[in-house]
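Trainee: You'll find entry_23.txt just under this line, and it carries compact mmCIF, C-alpha atoms.
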```
# COMPACT_ATOMS: atom_id res chain seq x y z
CA MET B 1 0.00 0.00 0.00
CA ASP B 2 2.48 2.61 -1.25
CA GLY B 3 4.89 1.83 1.54
CA ILE B 4 2.43 2.87 4.22
CA ASP B 5 1.55 0.13 6.64
CA LYS B 6 -1.90 -1.36 6.01
CA GLN B 7 -2.38 -1.94 9.72
CA ALA B 8 -1.72 1.75 10.44
CA ILE B 9 -4.19 2.84 7.77
CA GLU B 10 -6.94 0.49 8.91
CA GLN B 11 -6.48 0.52 12.67
CA GLY B 12 -4.36 3.55 13.48
CA SER B 13 -5.27 6.98 14.74
CA GLU B 14 -3.38 8.86 12.03
CA PHE B 15 -5.58 10.46 9.37
CA ILE B 16 -4.04 9.63 5.99
CA PRO B 17 -6.79 10.39 3.45
CA LYS B 18 -6.28 8.47 0.24
CA PHE B 19 -7.10 10.75 -2.66
CA ASP B 20 -7.62 9.11 -6.06
CA ALA B 21 -5.67 9.77 -9.26
CA GLN B 22 -7.66 12.99 -9.71
CA GLY B 23 -6.80 14.10 -6.17
CA LEU B 24 -10.32 13.49 -4.91
CA ILE B 25 -11.97 11.57 -2.09
CA CYS B 26 -15.64 10.58 -1.98
CA ALA B 27 -17.72 12.29 0.72
CA VAL B 28 -21.15 10.88 1.60
CA CYS B 29 -23.32 13.36 3.47
CA THR B 30 -25.89 11.93 5.89
CA ASP B 31 -28.52 13.72 7.93
CA ALA B 32 -27.63 13.81 11.63
CA GLN B 33 -31.28 13.34 12.61
CA SER B 34 -32.83 11.00 10.05
CA ARG B 35 -29.53 9.29 9.08
CA GLU B 36 -30.62 9.31 5.43
CA VAL B 37 -28.05 9.88 2.71
CA LEU B 38 -28.50 13.44 1.47
CA MET B 39 -25.85 13.68 -1.23
CA VAL B 40 -22.54 12.35 -2.48
CA ALA B 41 -19.82 14.77 -3.51
CA TRP B 42 -16.07 15.02 -3.92
CA MET B 43 -13.35 16.69 -1.92
CA ASP B 44 -9.82 17.54 -2.81
CA ALA B 45 -7.30 18.44 -0.11
CA GLU B 46 -8.37 22.08 -0.23
CA ALA B 47 -12.07 21.30 0.19
CA LEU B 48 -11.31 18.98 3.09
CA ALA B 49 -9.13 21.62 4.77
CA ARG B 50 -11.81 24.31 4.35
CA THR B 51 -14.46 21.95 5.73
CA LEU B 52 -12.36 21.23 8.80
CA GLU B 53 -11.57 24.94 9.32
CA THR B 54 -15.13 26.23 8.95
CA GLY B 55 -17.38 23.33 9.98
CA LEU B 56 -19.30 23.84 6.74
CA ALA B 57 -19.10 21.28 3.95
CA HIS B 58 -16.91 22.29 1.02
CA PHE B 59 -16.38 20.21 -2.08
CA HIS B 60 -14.50 20.20 -5.35
CA SER B 61 -16.72 20.51 -8.39
CA ARG B 62 -15.54 18.10 -11.06
CA SER B 63 -17.58 19.83 -13.76
CA ARG B 64 -16.59 23.39 -12.82
CA GLY B 65 -13.08 22.46 -11.69
CA ARG B 66 -13.19 24.58 -8.55
CA LEU B 67 -13.79 24.69 -4.82
CA TRP B 68 -17.39 25.28 -3.79
CA MET B 69 -19.11 25.59 -0.47
CA LYS B 70 -22.40 23.72 -0.42
CA GLY B 71 -25.03 26.44 -0.05
CA GLU B 72 -22.82 29.27 -1.30
CA SER B 73 -25.61 30.45 -3.58
CA SER B 74 -28.72 28.83 -2.08
CA GLY B 75 -27.86 29.40 1.57
CA HIS B 76 -28.52 25.71 2.18
CA VAL B 77 -25.24 25.00 3.89
CA LEU B 78 -24.37 21.72 5.57
CA ASN B 79 -23.20 22.07 9.16
CA VAL B 80 -20.78 19.22 9.76
CA ARG B 81 -21.31 17.49 13.10
CA GLU B 82 -19.05 14.51 12.61
CA ILE B 83 -16.70 13.08 10.01
CA ARG B 84 -16.27 9.35 9.75
CA VAL B 85 -13.46 7.65 7.86
CA ASP B 86 -13.56 4.18 6.34
CA CYS B 87 -11.13 1.28 6.73
CA ASP B 88 -8.80 2.16 3.86
CA GLN B 89 -9.32 5.91 4.28
CA ASP B 90 -10.56 6.49 0.74
CA ALA B 91 -14.10 7.56 1.63
CA LEU B 92 -15.65 9.89 4.19
CA VAL B 93 -19.08 10.15 5.77
CA LEU B 94 -20.05 13.69 6.80
CA VAL B 95 -22.82 13.65 9.38
CA VAL B 96 -24.51 16.98 8.84
CA GLU B 97 -27.31 19.28 9.91
CA PRO B 98 -28.61 20.77 6.66
CA ALA B 99 -29.85 24.38 6.61
CA GLY B 100 -32.32 23.48 3.85
CA PRO B 101 -32.88 21.00 1.06
CA ALA B 102 -29.59 19.31 0.19
CA CYS B 103 -30.48 18.86 -3.46
CA HIS B 104 -30.36 21.69 -5.99
CA THR B 105 -33.75 20.44 -7.26
CA GLY B 106 -35.31 21.39 -3.92
CA ALA B 107 -35.57 17.80 -2.69
CA ARG B 108 -34.47 17.08 0.87
CA SER B 109 -32.09 14.44 -0.45
CA CYS B 110 -30.57 14.00 -3.91
CA PHE B 111 -31.67 10.35 -3.73
CA TYR B 112 -35.36 10.97 -4.34
CA ARG B 113 -35.85 8.20 -6.89
CA VAL B 114 -35.95 4.43 -6.60
CA LEU B 115 -34.85 2.07 -9.36
CA ALA B 116 -37.34 -0.75 -9.88
CA ASP B 117 -37.84 -2.94 -12.95
CA GLY B 118 -35.41 -0.77 -14.85
CA ARG B 119 -37.34 2.46 -14.27
CA LEU B 120 -37.08 5.30 -11.79
CA THR B 121 -39.98 6.21 -9.56
CA ARG B 122 -40.27 8.94 -6.98
CA ALA B 123 -39.49 7.59 -3.50
CA SER B 124 -42.27 7.74 -0.95
CA SER B 125 -39.87 8.70 1.83
CA MET Z 126 -25.11 17.52 -20.47
CA ASP Z 127 -23.71 15.48 -23.37
CA GLY Z 128 -26.78 16.14 -25.46
CA ILE Z 129 -29.06 14.40 -22.99
CA ASP Z 130 -31.74 16.58 -21.55
CA LYS Z 131 -30.98 17.69 -17.98
CA GLN Z 132 -34.66 17.66 -17.12
CA ALA Z 133 -34.97 14.03 -18.24
CA ILE Z 134 -31.95 13.03 -16.19
CA GLU Z 135 -33.09 14.81 -13.04
CA GLN Z 136 -36.83 14.30 -13.18
CA GLY Z 137 -37.47 11.48 -15.64
CA SER Z 138 -38.17 7.81 -15.13
CA GLU Z 139 -35.44 6.62 -17.47
CA PHE Z 140 -32.40 5.14 -15.77
CA ILE Z 141 -29.31 6.63 -17.44
CA PRO Z 142 -26.44 5.89 -15.04
CA LYS Z 143 -23.57 8.29 -15.54
CA PHE Z 144 -20.33 6.36 -15.30
CA ASP Z 145 -17.14 8.38 -14.84
CA ALA Z 146 -14.11 8.44 -17.12
CA GLN Z 147 -13.04 5.09 -15.66
CA GLY Z 148 -16.47 3.62 -16.37
CA LEU Z 149 -17.43 3.58 -12.70
CA ILE Z 150 -20.29 4.84 -10.56
CA CYS Z 151 -20.16 5.32 -6.80
CA ALA Z 152 -22.38 2.99 -4.75
CA VAL Z 153 -23.08 3.80 -1.10
CA CYS Z 154 -24.41 0.82 0.85
CA THR Z 155 -26.70 1.54 3.78
CA ASP Z 156 -28.23 -0.86 6.29
CA ALA Z 157 -31.96 -1.34 5.70
CA GLN Z 158 -32.61 -1.49 9.45
CA SER Z 159 -30.23 0.96 11.10
CA ARG Z 160 -29.82 3.19 8.01
CA GLU Z 161 -26.12 3.57 8.79
CA VAL Z 162 -23.62 3.73 5.94
CA LEU Z 163 -21.89 0.35 5.78
CA MET Z 164 -19.46 0.84 2.92
CA VAL Z 165 -18.74 2.76 -0.28
CA ALA Z 166 -17.69 0.88 -3.39
CA TRP Z 167 -17.64 1.18 -7.17
CA MET Z 168 -19.65 -0.39 -9.91
CA ASP Z 169 -19.03 -0.64 -13.61
CA ALA Z 170 -21.84 -1.56 -16.00
CA GLU Z 171 -21.14 -5.28 -15.48
CA ALA Z 172 -21.28 -5.05 -11.67
CA LEU Z 173 -24.51 -3.08 -11.86
CA ALA Z 174 -26.06 -5.63 -14.23
CA ARG Z 175 -25.03 -8.54 -12.01
CA THR Z 176 -26.42 -6.79 -8.94
CA LEU Z 177 -29.76 -6.24 -10.67
CA GLU Z 178 -29.85 -9.85 -11.90
CA THR Z 179 -28.96 -11.53 -8.63
CA GLY Z 180 -30.13 -9.13 -5.91
CA LEU Z 181 -26.67 -9.43 -4.36
CA ALA Z 182 -24.27 -6.48 -4.41
CA HIS Z 183 -21.47 -6.78 -6.95
CA PHE Z 184 -18.74 -4.22 -7.45
CA HIS Z 185 -15.71 -3.49 -9.57
CA SER Z 186 -12.46 -3.65 -7.68
CA ARG Z 187 -10.27 -0.75 -8.70
CA SER Z 188 -7.17 -2.34 -7.15
CA ARG Z 189 -7.73 -5.81 -8.58
CA GLY Z 190 -9.32 -4.60 -11.81
CA ARG Z 191 -12.12 -7.16 -11.76
CA LEU Z 192 -15.72 -7.86 -10.86
CA TRP Z 193 -16.31 -9.06 -7.32
CA MET Z 194 -19.34 -10.07 -5.37
CA LYS Z 195 -19.30 -8.67 -1.86
CA GLY Z 196 -19.05 -11.74 0.38
CA GLU Z 197 -17.68 -14.05 -2.32
CA SER Z 198 -14.99 -15.23 0.07
CA SER Z 199 -16.37 -14.26 3.49
CA GLY Z 200 -19.98 -15.24 2.87
CA HIS Z 201 -20.98 -11.78 4.11
CA VAL Z 202 -23.11 -10.91 1.11
CA LEU Z 203 -25.28 -7.82 0.86
CA ASN Z 204 -28.91 -8.52 -0.06
CA VAL Z 205 -30.10 -5.49 -1.97
CA ARG Z 206 -33.57 -4.35 -0.94
CA GLU Z 207 -33.70 -1.05 -2.78
CA ILE Z 208 -31.55 1.02 -5.11
CA ARG Z 209 -31.83 4.79 -5.05
CA VAL Z 210 -30.46 7.08 -7.72
CA ASP Z 211 -29.41 10.69 -7.26
CA CYS Z 212 -30.41 13.79 -9.20
CA ASP Z 213 -27.70 13.64 -11.85
CA GLN Z 214 -27.59 9.83 -11.85
CA ASP Z 215 -23.90 9.61 -11.00
CA ALA Z 216 -24.27 7.97 -7.59
CA LEU Z 217 -26.34 5.11 -6.17
CA VAL Z 218 -27.51 4.18 -2.69
CA LEU Z 219 -27.96 0.46 -2.15
CA VAL Z 220 -30.24 -0.24 0.80
CA VAL Z 221 -29.10 -3.66 1.95
CA GLU Z 222 -29.57 -6.42 4.47
CA PRO Z 223 -26.05 -7.60 5.26
CA ALA Z 224 -25.40 -11.29 5.97
CA GLY Z 225 -22.54 -10.34 8.30
CA PRO Z 226 -20.07 -7.57 8.98
CA ALA Z 227 -19.77 -5.37 5.91
CA CYS Z 228 -16.13 -4.52 6.54
CA HIS Z 229 -13.27 -6.92 5.81
CA THR Z 230 -11.84 -5.96 9.22
CA GLY Z 231 -14.85 -7.57 10.91
CA ALA Z 232 -16.50 -4.27 11.78
CA ARG Z 233 -20.22 -3.91 11.09
CA SER Z 234 -19.51 -0.82 9.00
CA CYS Z 235 -16.31 0.29 7.28
CA PHE Z 236 -16.85 3.72 8.91
CA TYR Z 237 -15.79 2.71 12.42
CA ARG Z 238 -13.59 5.74 13.08
CA VAL Z 239 -14.34 9.38 13.73
CA LEU Z 240 -12.05 12.24 12.75
CA ALA Z 241 -11.64 14.74 15.58
CA ASP Z 242 -8.87 17.26 16.13
CA GLY Z 243 -6.94 15.73 13.26
CA ARG Z 244 -6.89 12.23 14.76
CA LEU Z 245 -9.01 9.12 14.30
CA THR Z 246 -10.79 7.53 17.21
CA ARG Z 247 -12.96 4.46 17.34
CA ALA Z 248 -16.63 5.38 17.03
CA SER Z 249 -18.86 4.52 19.97
CA SER Z 250 -21.72 3.52 17.66
```
Would it be possible to restate this file's structure as structure tokens?
Mentor:
Amino acid sequence: MDGIDKQAIEQGSEFIPKFDAQGLICAVCTDAQSREVLMVAWMDAEALARTLETGLAHFHSRSRGRLWMKGESSGHVLNVREIRVDCDQDALVLVVEPAGPACHTGARSCFYRVLADGRLTRASS
Amino acid sequence: MDGIDKQAIEQGSEFIPKFDAQGLICAVCTDAQSREVLMVAWMDAEALARTLETGLAHFHSRSRGRLWMKGESSGHVLNVREIRVDCDQDALVLVVEPAGPACHTGARSCFYRVLADGRLTRASS
């Protein structure tokens, strides 16, 4: 594992985020109250640093190629209450209190559709 | 959006998964009972097709470069109860009933550590 001890990565207390070839790490945002998944986005080192500094979720936009703070235009920021890290440190869960709908469509969560029999239907919850 | 109508992608009933440049889509697995995030993995078109066919979560291993069924060696398969799709169809949530610990370390969830003050500590729940 790139010369870094697997045991240290999986069991240690040192935070060694594993960014991918594009310099990004996957961040899953879950609602602190309902526990539902609100959105999935991407962080580079800068977005992660800004999130840790401010307590507000920042991401790297792959399409726009720049740092963005979730809610910077809508006001629907995500207040980060906890950050969890997975076994191989290549994914994060941000437990958040959202200031409004997490999705740009106005939905509470971006995951508002269910796949069934090859088609998408609006989720009931 | 590559000539495909944004409205159709965000609001339509057609499933048009958006794979990234590596042909992968992010799949977040959550526990059907507790709703906690168990793991994050990657699917290519083949893994997605196999998951839909079998009802058992299949992924594409980026490190091994091959299809794998979660639990193929451990027996800790993930029975997929629901698949949710996000607004721009570039991420999935698999709501699953796990047959055992989701993490290869033996933890129930891969997200067993919390980041606080720059260090990782074992989560209490």
Trainee: Considering all atoms listed in the file, return as a list in words whatever protein or nucleic-acid residues lie within 10 Å of B:Ala116, sequence-local ones (same chain, fewer than 2 positions apart) excluded.
Mentor: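 Those residues are Arg113, Val114, Gly118, Arg119, Leu120 and Thr121 of chain B; Phe140, Leu177, Glu207, Ile208 and Arg209 of chain Z.
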Trainee: Using all atoms listed in the file, determine which residues of chain Z fall within 9 Å of chain B; present them as a PyMOL selection string.
Mentor: chain Z and resi 135-140+151+153+155+159-162+164-165+177+207-213+216-218+228-230+234-241+243-248
Trainee: How would the residues just picked look written out with C-alpha atoms as a PDB file, in the frame of the given file?
Mentor:
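New file out21.pdb:
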```pdb
ATOM      1  CA  GLU Z 135     -33.090  14.810 -13.040  1.00  0.00           C
ATOM      2  CA  GLN Z 136     -36.830  14.300 -13.180  1.00  0.00           C
ATOM      3  CA  GLY Z 137     -37.470  11.480 -15.640  1.00  0.00           C
ATOM      4  CA  SER Z 138     -38.170   7.810 -15.130  1.00  0.00           C
ATOM      5  CA  GLU Z 139     -35.440   6.620 -17.470  1.00  0.00           C
ATOM      6  CA  PHE Z 140     -32.400   5.140 -15.770  1.00  0.00           C
ATOM      7  CA  CYS Z 151     -20.160   5.320  -6.800  1.00  0.00           C
ATOM      8  CA  VAL Z 153     -23.080   3.800  -1.100  1.00  0.00           C
ATOM      9  CA  THR Z 155     -26.700   1.540   3.780  1.00  0.00           C
ATOM     10  CA  SER Z 159     -30.230   0.960  11.100  1.00  0.00           C
ATOM     11  CA  ARG Z 160     -29.820   3.190   8.010  1.00  0.00           C
ATOM     12  CA  GLU Z 161     -26.120   3.570   8.790  1.00  0.00           C
ATOM     13  CA  VAL Z 162     -23.620   3.730   5.940  1.00  0.00           C
ATOM     14  CA  MET Z 164     -19.460   0.840   2.920  1.00  0.00           C
ATOM     15  CA  VAL Z 165     -18.740   2.760  -0.280  1.00  0.00           C
ATOM     16  CA  LEU Z 177     -29.760  -6.240 -10.670  1.00  0.00           C
ATOM     17  CA  GLU Z 207     -33.700  -1.050  -2.780  1.00  0.00           C
ATOM     18  CA  ILE Z 208     -31.550   1.020  -5.110  1.00  0.00           C
ATOM     19  CA  ARG Z 209     -31.830   4.790  -5.050  1.00  0.00           C
ATOM     20  CA  VAL Z 210     -30.460   7.080  -7.720  1.00  0.00           C
ATOM     21  CA  ASP Z 211     -29.410  10.690  -7.260  1.00  0.00           C
ATOM     22  CA  CYS Z 212     -30.410  13.790  -9.200  1.00  0.00           C
ATOM     23  CA  ASP Z 213     -27.700  13.640 -11.850  1.00  0.00           C
ATOM     24  CA  ALA Z 216     -24.270   7.970  -7.590  1.00  0.00           C
ATOM     25  CA  LEU Z 217     -26.340   5.110  -6.170  1.00  0.00           C
ATOM     26  CA  VAL Z 218     -27.510   4.180  -2.690  1.00  0.00           C
ATOM     27  CA  CYS Z 228     -16.130  -4.520   6.540  1.00  0.00           C
ATOM     28  CA  HIS Z 229     -13.270  -6.920   5.810  1.00  0.00           C
ATOM     29  CA  THR Z 230     -11.840  -5.960   9.220  1.00  0.00           C
ATOM     30  CA  SER Z 234     -19.510  -0.820   9.000  1.00  0.00           C
ATOM     31  CA  CYS Z 235     -16.310   0.290   7.280  1.00  0.00           C
ATOM     32  CA  PHE Z 236     -16.850   3.720   8.910  1.00  0.00           C
ATOM     33  CA  TYR Z 237     -15.790   2.710  12.420  1.00  0.00           C
ATOM     34  CA  ARG Z 238     -13.590   5.740  13.080  1.00  0.00           C
ATOM     35  CA  VAL Z 239     -14.340   9.380  13.730  1.00  0.00           C
ATOM     36  CA  LEU Z 240     -12.050  12.240  12.750  1.00  0.00           C
ATOM     37  CA  ALA Z 241     -11.640  14.740  15.580  1.00  0.00           C
ATOM     38  CA  GLY Z 243      -6.940  15.730  13.260  1.00  0.00           C
ATOM     39  CA  ARG Z 244      -6.890  12.230  14.760  1.00  0.00           C
ATOM     40  CA  LEU Z 245      -9.010   9.120  14.300  1.00  0.00           C
ATOM     41  CA  THR Z 246     -10.790   7.530  17.210  1.00  0.00           C
ATOM     42  CA  ARG Z 247     -12.960   4.460  17.340  1.00  0.00           C
ATOM     43  CA  ALA Z 248     -16.630   5.380  17.030  1.00  0.00           C
TER      44      ALA Z 248
END
```
Trainee: If you count only C-alpha atoms, which residues fall within 10 Å of B:Pro98, apart from same-chain ones fewer than 4 positions away, as a list in words?
Mentor: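 The neighbour list is Cys29, Thr30, Asp31, Ala32, Gln33, Leu38, Leu56, Ala57, Lys70, Gly71, His76, Val77, Leu78, Asn79, Val80, Ala102 and Arg108 of chain B.
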Trainee: As an exercise, work out the distance from atom CA of B:Trp42 to atom CA of B:Ser61 in Å and give it to one decimal place.
Mentor: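 Atom CA of B:Trp42 sits 7.1 Å away from atom CA of B:Ser61.
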Trainee: What's the separation between atom CA of Z:Gly231 and atom CA of Z:Met194, in Å to one decimal place?
Mentor: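 Separation between atom CA of Z:Gly231 and atom CA of Z:Met194: 17.1 Å.
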Trainee: So the first atom is atom CA of B:Leu67 and the second is atom CA of B:Ala47; what is the distance between them in Å, to one decimal place?
Mentor: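 Straight-line distance from atom CA of B:Leu67 to atom CA of B:Ala47 works out to 6.3 Å.
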